[in-house]
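I have placed the structure first, in the form of C-alpha cells, so that the comments after it can refer back to it.
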Amino acid sequence: MGTGASVKKPSRTKLPAPNAIVGGTLIGILLLAAGTGALWTPYDPLKLSFREKLAAPSALHWLGTDEFGRDVLSRLMAGAATSVWISILTVTLAVVAGTLIGLFSGYMRGWTDRIIMAFNDALLAFPGILLALGLLAVVGANKYGIIVALGIAYTPSVARVVRGTVLSLREREFIAASRVMGNSEAFTMVRHILPNCIAPLTVLATSMFGYVLLAESALSFLGLGVPPPAPTWGNMLAGSRPYIGQAVWLGIFPGLAISLTLLGINLLGDAVRDRLDPRMRGSR
C-alpha cells in the first residue's frame with residue numbers, strides 16, 4: 001500500500017568551478033609567499049656572497065644563487081611582497097578615483113559628462129604601459145612613483161565601466177523614487193547607485209590586478225621600476241639575461257612566478273565573473 005508520502009530527491013552539492021579552484025590555489029600561494037617574504041626569508045635577499053655566486057639549485061639554496069651570490073628563493077619571496085603591495089595600492093587608487101569620476105560623470109550628464117569623458121577617452125587612447133612610462137618620467141622611478149603612474153594609467157578604464165553602469169541605472173524607478181522622496185543627489189548616488197556598481201568593479205579589479213602586476217614587472221625589466229638592489233620579478237629577469245647560458249635558473253624561476261601568477265589571476269577573474277554576472281550564470 002502506498003503511504004502517499006513523496007520521496008525527496010537528495011540535493012546535489014554544487015562544487016566550485018575548476019577555474020575557481022586552480023586560480024584560487026595559485027593566488028593563495030602567491031599571497032602566502034608575499035606575506036612570508038615581507039616578514040621572513042631563508043636568507044637576506046640583499047646579502048652578497050661572491051664565494052657562492054651562480055650556484056646551481058641545491059639543498060642549501062633550493063633555487064640557486066645569482067651573479068652576486070644572493071639566494072634566488074629569498075629574492076623571489078621578497079619580490080612577491082613588493083609586487084603584491086604595489087599592485088594592491090595601484091588597483092585601489094585606480095578603483096577609487098575611477099569610481100568617483102564615473103559616478104559623477106554618468107549621473108550629472110550634460111556638458112559635465114562630455115568634458116570629463118573627452119579627457120577620459122584621450123587618456124584611453126594611450127596604452128597603459130606607454131602612459132605609465134611618460135608619467136614615470138615626471139614623478140620619478142621609485143615604488144610610489146610606479147603606484148601613481150599606473151594608478152593614473154588605469155583610472156580611465158574604471159571610470160568608463162562605472163559610467164556605463166550609472167547610465168543604465170539613472171532612469172530606473174527606484175532612482176526616480178529617491179528623488180521624489182527629496183533625497184539629495186549625493187545621497188542617491190552613494191546609497192542607491194554605488195552599491196550596484198560593486199559587481200562589475202569586483203570583476204574589473206580582479207583582472208586589473210594581473211595587468212598591474214605585469215606592467216610593474218615590465219617597467220622593472222626596463223629599469224624604470226623599483227631601483228635595485230631591491231628585488232622584483234622584473235629586475236630579476238633583466239639581471240638574468242647575461243647569464244642565461246650558464247645559469248638558466250636565474251630566468252626560469254622569475255618567469256614561472258610571473259606566468260603562474262597571471263594564470264591564477266585570469267582563472268580567478270573568470271570565476272568571479274561567472275559568479276557575479278547573471279548572464280553568465282544563466283548560460284552555464
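In the C-alpha cells, chains take the letters A, B, ... in the order shown, each chain's residues start at 1, and ligands count up from 1 in the order shown.
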
Can you write out as JSON lines which residues of stretch 195-272 of chain A fall within 12 Å of stretch 42-62 of chain A, alongside each residue's closest atom pair and its distance in Å to one decimal, counting only C-alpha atoms and ordering rows by chain and ascending residue number?
{"residue": "A:Pro228", "atom": "CA", "partner": "A:Leu46", "partner_atom": "CA", "distance": 9.6}
{"residue": "A:Pro229", "atom": "CA", "partner": "A:Leu46", "partner_atom": "CA", "distance": 6.7}
{"residue": "A:Ala230", "atom": "CA", "partner": "A:Leu46", "partner_atom": "CA", "distance": 7.2}
{"residue": "A:Pro231", "atom": "CA", "partner": "A:Pro45", "partner_atom": "CA", "distance": 7.5}
{"residue": "A:Thr232", "atom": "CA", "partner": "A:Pro45", "partner_atom": "CA", "distance": 10.8}
{"residue": "A:Met236", "atom": "CA", "partner": "A:Pro45", "partner_atom": "CA", "distance": 11.7}
{"residue": "A:Ser240", "atom": "CA", "partner": "A:Leu54", "partner_atom": "CA", "distance": 10.5}
{"residue": "A:Pro242", "atom": "CA", "partner": "A:Leu54", "partner_atom": "CA", "distance": 11.9}
{"residue": "A:Tyr243", "atom": "CA", "partner": "A:Leu54", "partner_atom": "CA", "distance": 8.8}
{"residue": "A:Ile244", "atom": "CA", "partner": "A:Leu54", "partner_atom": "CA", "distance": 10.9}
{"residue": "A:Gly245", "atom": "CA", "partner": "A:Leu54", "partner_atom": "CA", "distance": 11.5}
{"residue": "A:Gln246", "atom": "CA", "partner": "A:Leu54", "partner_atom": "CA", "distance": 8.3}
{"residue": "A:Ala247", "atom": "CA", "partner": "A:Leu54", "partner_atom": "CA", "distance": 6.4}
{"residue": "A:Val248", "atom": "CA", "partner": "A:Ala56", "partner_atom": "CA", "distance": 9.2}
{"residue": "A:Trp249", "atom": "CA", "partner": "A:Ala56", "partner_atom": "CA", "distance": 7.8}
{"residue": "A:Leu250", "atom": "CA", "partner": "A:Leu54", "partner_atom": "CA", "distance": 8.6}
{"residue": "A:Ile252", "atom": "CA", "partner": "A:Pro57", "partner_atom": "CA", "distance": 12.0}
{"residue": "A:Phe253", "atom": "CA", "partner": "A:Pro57", "partner_atom": "CA", "distance": 11.0}

File of the preceding selection, N, CA and C atoms, as a PDB file, in the first residue's frame:
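This went into selection.pdb:
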ATOM      1  N   PRO A 228      67.175  48.841  -8.019  1.00  0.00           N
ATOM      2  CA  PRO A 228      67.980  47.796  -7.384  1.00  0.00           C
ATOM      3  C   PRO A 228      68.821  48.407  -6.256  1.00  0.00           C
ATOM      4  N   PRO A 229      69.238  47.612  -5.287  1.00  0.00           N
ATOM      5  CA  PRO A 229      69.222  46.140  -5.274  1.00  0.00           C
ATOM      6  C   PRO A 229      67.938  45.516  -4.754  1.00  0.00           C
ATOM      7  N   ALA A 230      66.890  46.327  -4.472  1.00  0.00           N
ATOM      8  CA  ALA A 230      65.629  45.756  -4.014  1.00  0.00           C
ATOM      9  C   ALA A 230      65.102  44.786  -5.075  1.00  0.00           C
ATOM     10  N   PRO A 231      64.725  43.557  -4.689  1.00  0.00           N
ATOM     11  CA  PRO A 231      64.328  42.567  -5.685  1.00  0.00           C
ATOM     12  C   PRO A 231      62.886  42.730  -6.148  1.00  0.00           C
ATOM     13  N   THR A 232      62.682  42.633  -7.432  1.00  0.00           N
ATOM     14  CA  THR A 232      61.366  42.467  -8.036  1.00  0.00           C
ATOM     15  C   THR A 232      61.505  41.411  -9.118  1.00  0.00           C
ATOM     16  N   MET A 236      64.784  40.940 -11.672  1.00  0.00           N
ATOM     17  CA  MET A 236      65.466  39.645 -11.626  1.00  0.00           C
ATOM     18  C   MET A 236      65.558  39.044 -13.027  1.00  0.00           C
ATOM     19  N   SER A 240      69.063  38.434 -15.345  1.00  0.00           N
ATOM     20  CA  SER A 240      69.430  37.078 -15.761  1.00  0.00           C
ATOM     21  C   SER A 240      69.911  37.004 -17.209  1.00  0.00           C
ATOM     22  N   PRO A 242      72.416  38.310 -19.075  1.00  0.00           N
ATOM     23  CA  PRO A 242      73.822  37.993 -19.427  1.00  0.00           C
ATOM     24  C   PRO A 242      74.244  36.579 -19.035  1.00  0.00           C
ATOM     25  N   TYR A 243      73.466  35.912 -18.180  1.00  0.00           N
ATOM     26  CA  TYR A 243      73.891  34.610 -17.654  1.00  0.00           C
ATOM     27  C   TYR A 243      72.952  33.488 -18.086  1.00  0.00           C
ATOM     28  N   ILE A 244      72.123  33.742 -19.101  1.00  0.00           N
ATOM     29  CA  ILE A 244      71.116  32.758 -19.482  1.00  0.00           C
ATOM     30  C   ILE A 244      71.745  31.460 -19.972  1.00  0.00           C
ATOM     31  N   GLY A 245      72.988  31.518 -20.478  1.00  0.00           N
ATOM     32  CA  GLY A 245      73.639  30.314 -20.965  1.00  0.00           C
ATOM     33  C   GLY A 245      74.260  29.469 -19.869  1.00  0.00           C
ATOM     34  N   GLN A 246      74.759  30.087 -18.814  1.00  0.00           N
ATOM     35  CA  GLN A 246      75.439  29.339 -17.767  1.00  0.00           C
ATOM     36  C   GLN A 246      74.634  29.198 -16.485  1.00  0.00           C
ATOM     37  N   ALA A 247      73.575  30.001 -16.325  1.00  0.00           N
ATOM     38  CA  ALA A 247      72.749  29.914 -15.113  1.00  0.00           C
ATOM     39  C   ALA A 247      71.294  30.131 -15.521  1.00  0.00           C
ATOM     40  N   VAL A 248      70.723  29.131 -16.184  1.00  0.00           N
ATOM     41  CA  VAL A 248      69.395  29.268 -16.763  1.00  0.00           C
ATOM     42  C   VAL A 248      68.329  29.468 -15.697  1.00  0.00           C
ATOM     43  N   TRP A 249      68.593  29.000 -14.464  1.00  0.00           N
ATOM     44  CA  TRP A 249      67.585  29.127 -13.403  1.00  0.00           C
ATOM     45  C   TRP A 249      67.313  30.577 -13.023  1.00  0.00           C
ATOM     46  N   LEU A 250      68.248  31.465 -13.320  1.00  0.00           N
ATOM     47  CA  LEU A 250      68.036  32.871 -12.982  1.00  0.00           C
ATOM     48  C   LEU A 250      66.863  33.481 -13.747  1.00  0.00           C
ATOM     49  N   ILE A 252      64.437  31.304 -15.384  1.00  0.00           N
ATOM     50  CA  ILE A 252      63.299  30.390 -15.361  1.00  0.00           C
ATOM     51  C   ILE A 252      62.386  30.679 -14.176  1.00  0.00           C
ATOM     52  N   PHE A 253      62.937  30.833 -12.981  1.00  0.00           N
ATOM     53  CA  PHE A 253      62.091  30.933 -11.794  1.00  0.00           C
ATOM     54  C   PHE A 253      61.314  32.252 -11.725  1.00  0.00           C
TER      55      PHE A 253
END

- Query: So which residues of stretch 77-251 of chain A fall under helix (DSSP H, G or I) by DSSP, listed as an MDAnalysis selection string?
  - Reply: chainID A and resid 77:108 110:124 128:139 143:169 173:180 185:221 233:243 249:251

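Excluding A:Leu124 itself and any same-chain residue fewer than 4 positions from it, the protein and nucleic acid residues within 8 Å of it, counting only C-alpha atoms, are A:Asn120, A:Gly128, A:Pro156, A:Ser157.
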
- Residues near A:Trp85, cut-off 10 Å, only C-alpha atoms, skip fewer than 4 positions along chain, as an MDAnalysis selection string: chainID A and resid 34:35 38 79:81 89:90 143 147 213

- Message: With distances taken over only C-alpha atoms, which residue among A:Gly255, A:Pro227, A:Gly269, A:Gly145 lies nearest A:Pro200?
- Response: A:Gly269

- Message: Would you pick out the contacts of stretch 176-188 of chain A at 12 Å or less, using only C-alpha atoms, so that residues sharing its chain but fewer than 4 positions from it are not included, and give the list as a ChimeraX atom specification?
- Response: /A:100,103-104,107-108,166,169-172,192-196

- Item | Spatial neighbours of A:Gly234, 7 Å, only C-alpha atoms, chain gap at least 4 places, as a count of residues only | 5

- Which of these, A:Val72, A:Leu263, A:Leu268, A:Val139, has the shortest distance to A:Ala205 once you count only C-alpha atoms?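 Going through A:Val72, A:Leu263, A:Leu268, A:Val139 one by one, the smallest distance to A:Ala205 is for A:Leu268.
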
- Task: Kindly indicate which residue among A:Ala159, A:Leu260, A:Ile146, A:Leu276 lies nearest to A:Gly225, using only C-alpha atoms for the distances.
- Result: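 Once distances to A:Gly225 are computed over only C-alpha atoms, the minimum belongs to A:Ile146.
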
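Here the question is which of A:Leu201, A:Ile265, A:Leu237, A:Ala94 gets nearest to A:Ile152 using only C-alpha atoms, and that residue is A:Ala94.
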
- Query: Got a sec: who's within 10 Å of A:Pro18, counting only C-alpha atoms, leaving out chain neighbours fewer than 3 positions off, as a PyMOL selection string?
  - Reply: chain A and resi 15+21-24+267-268+271
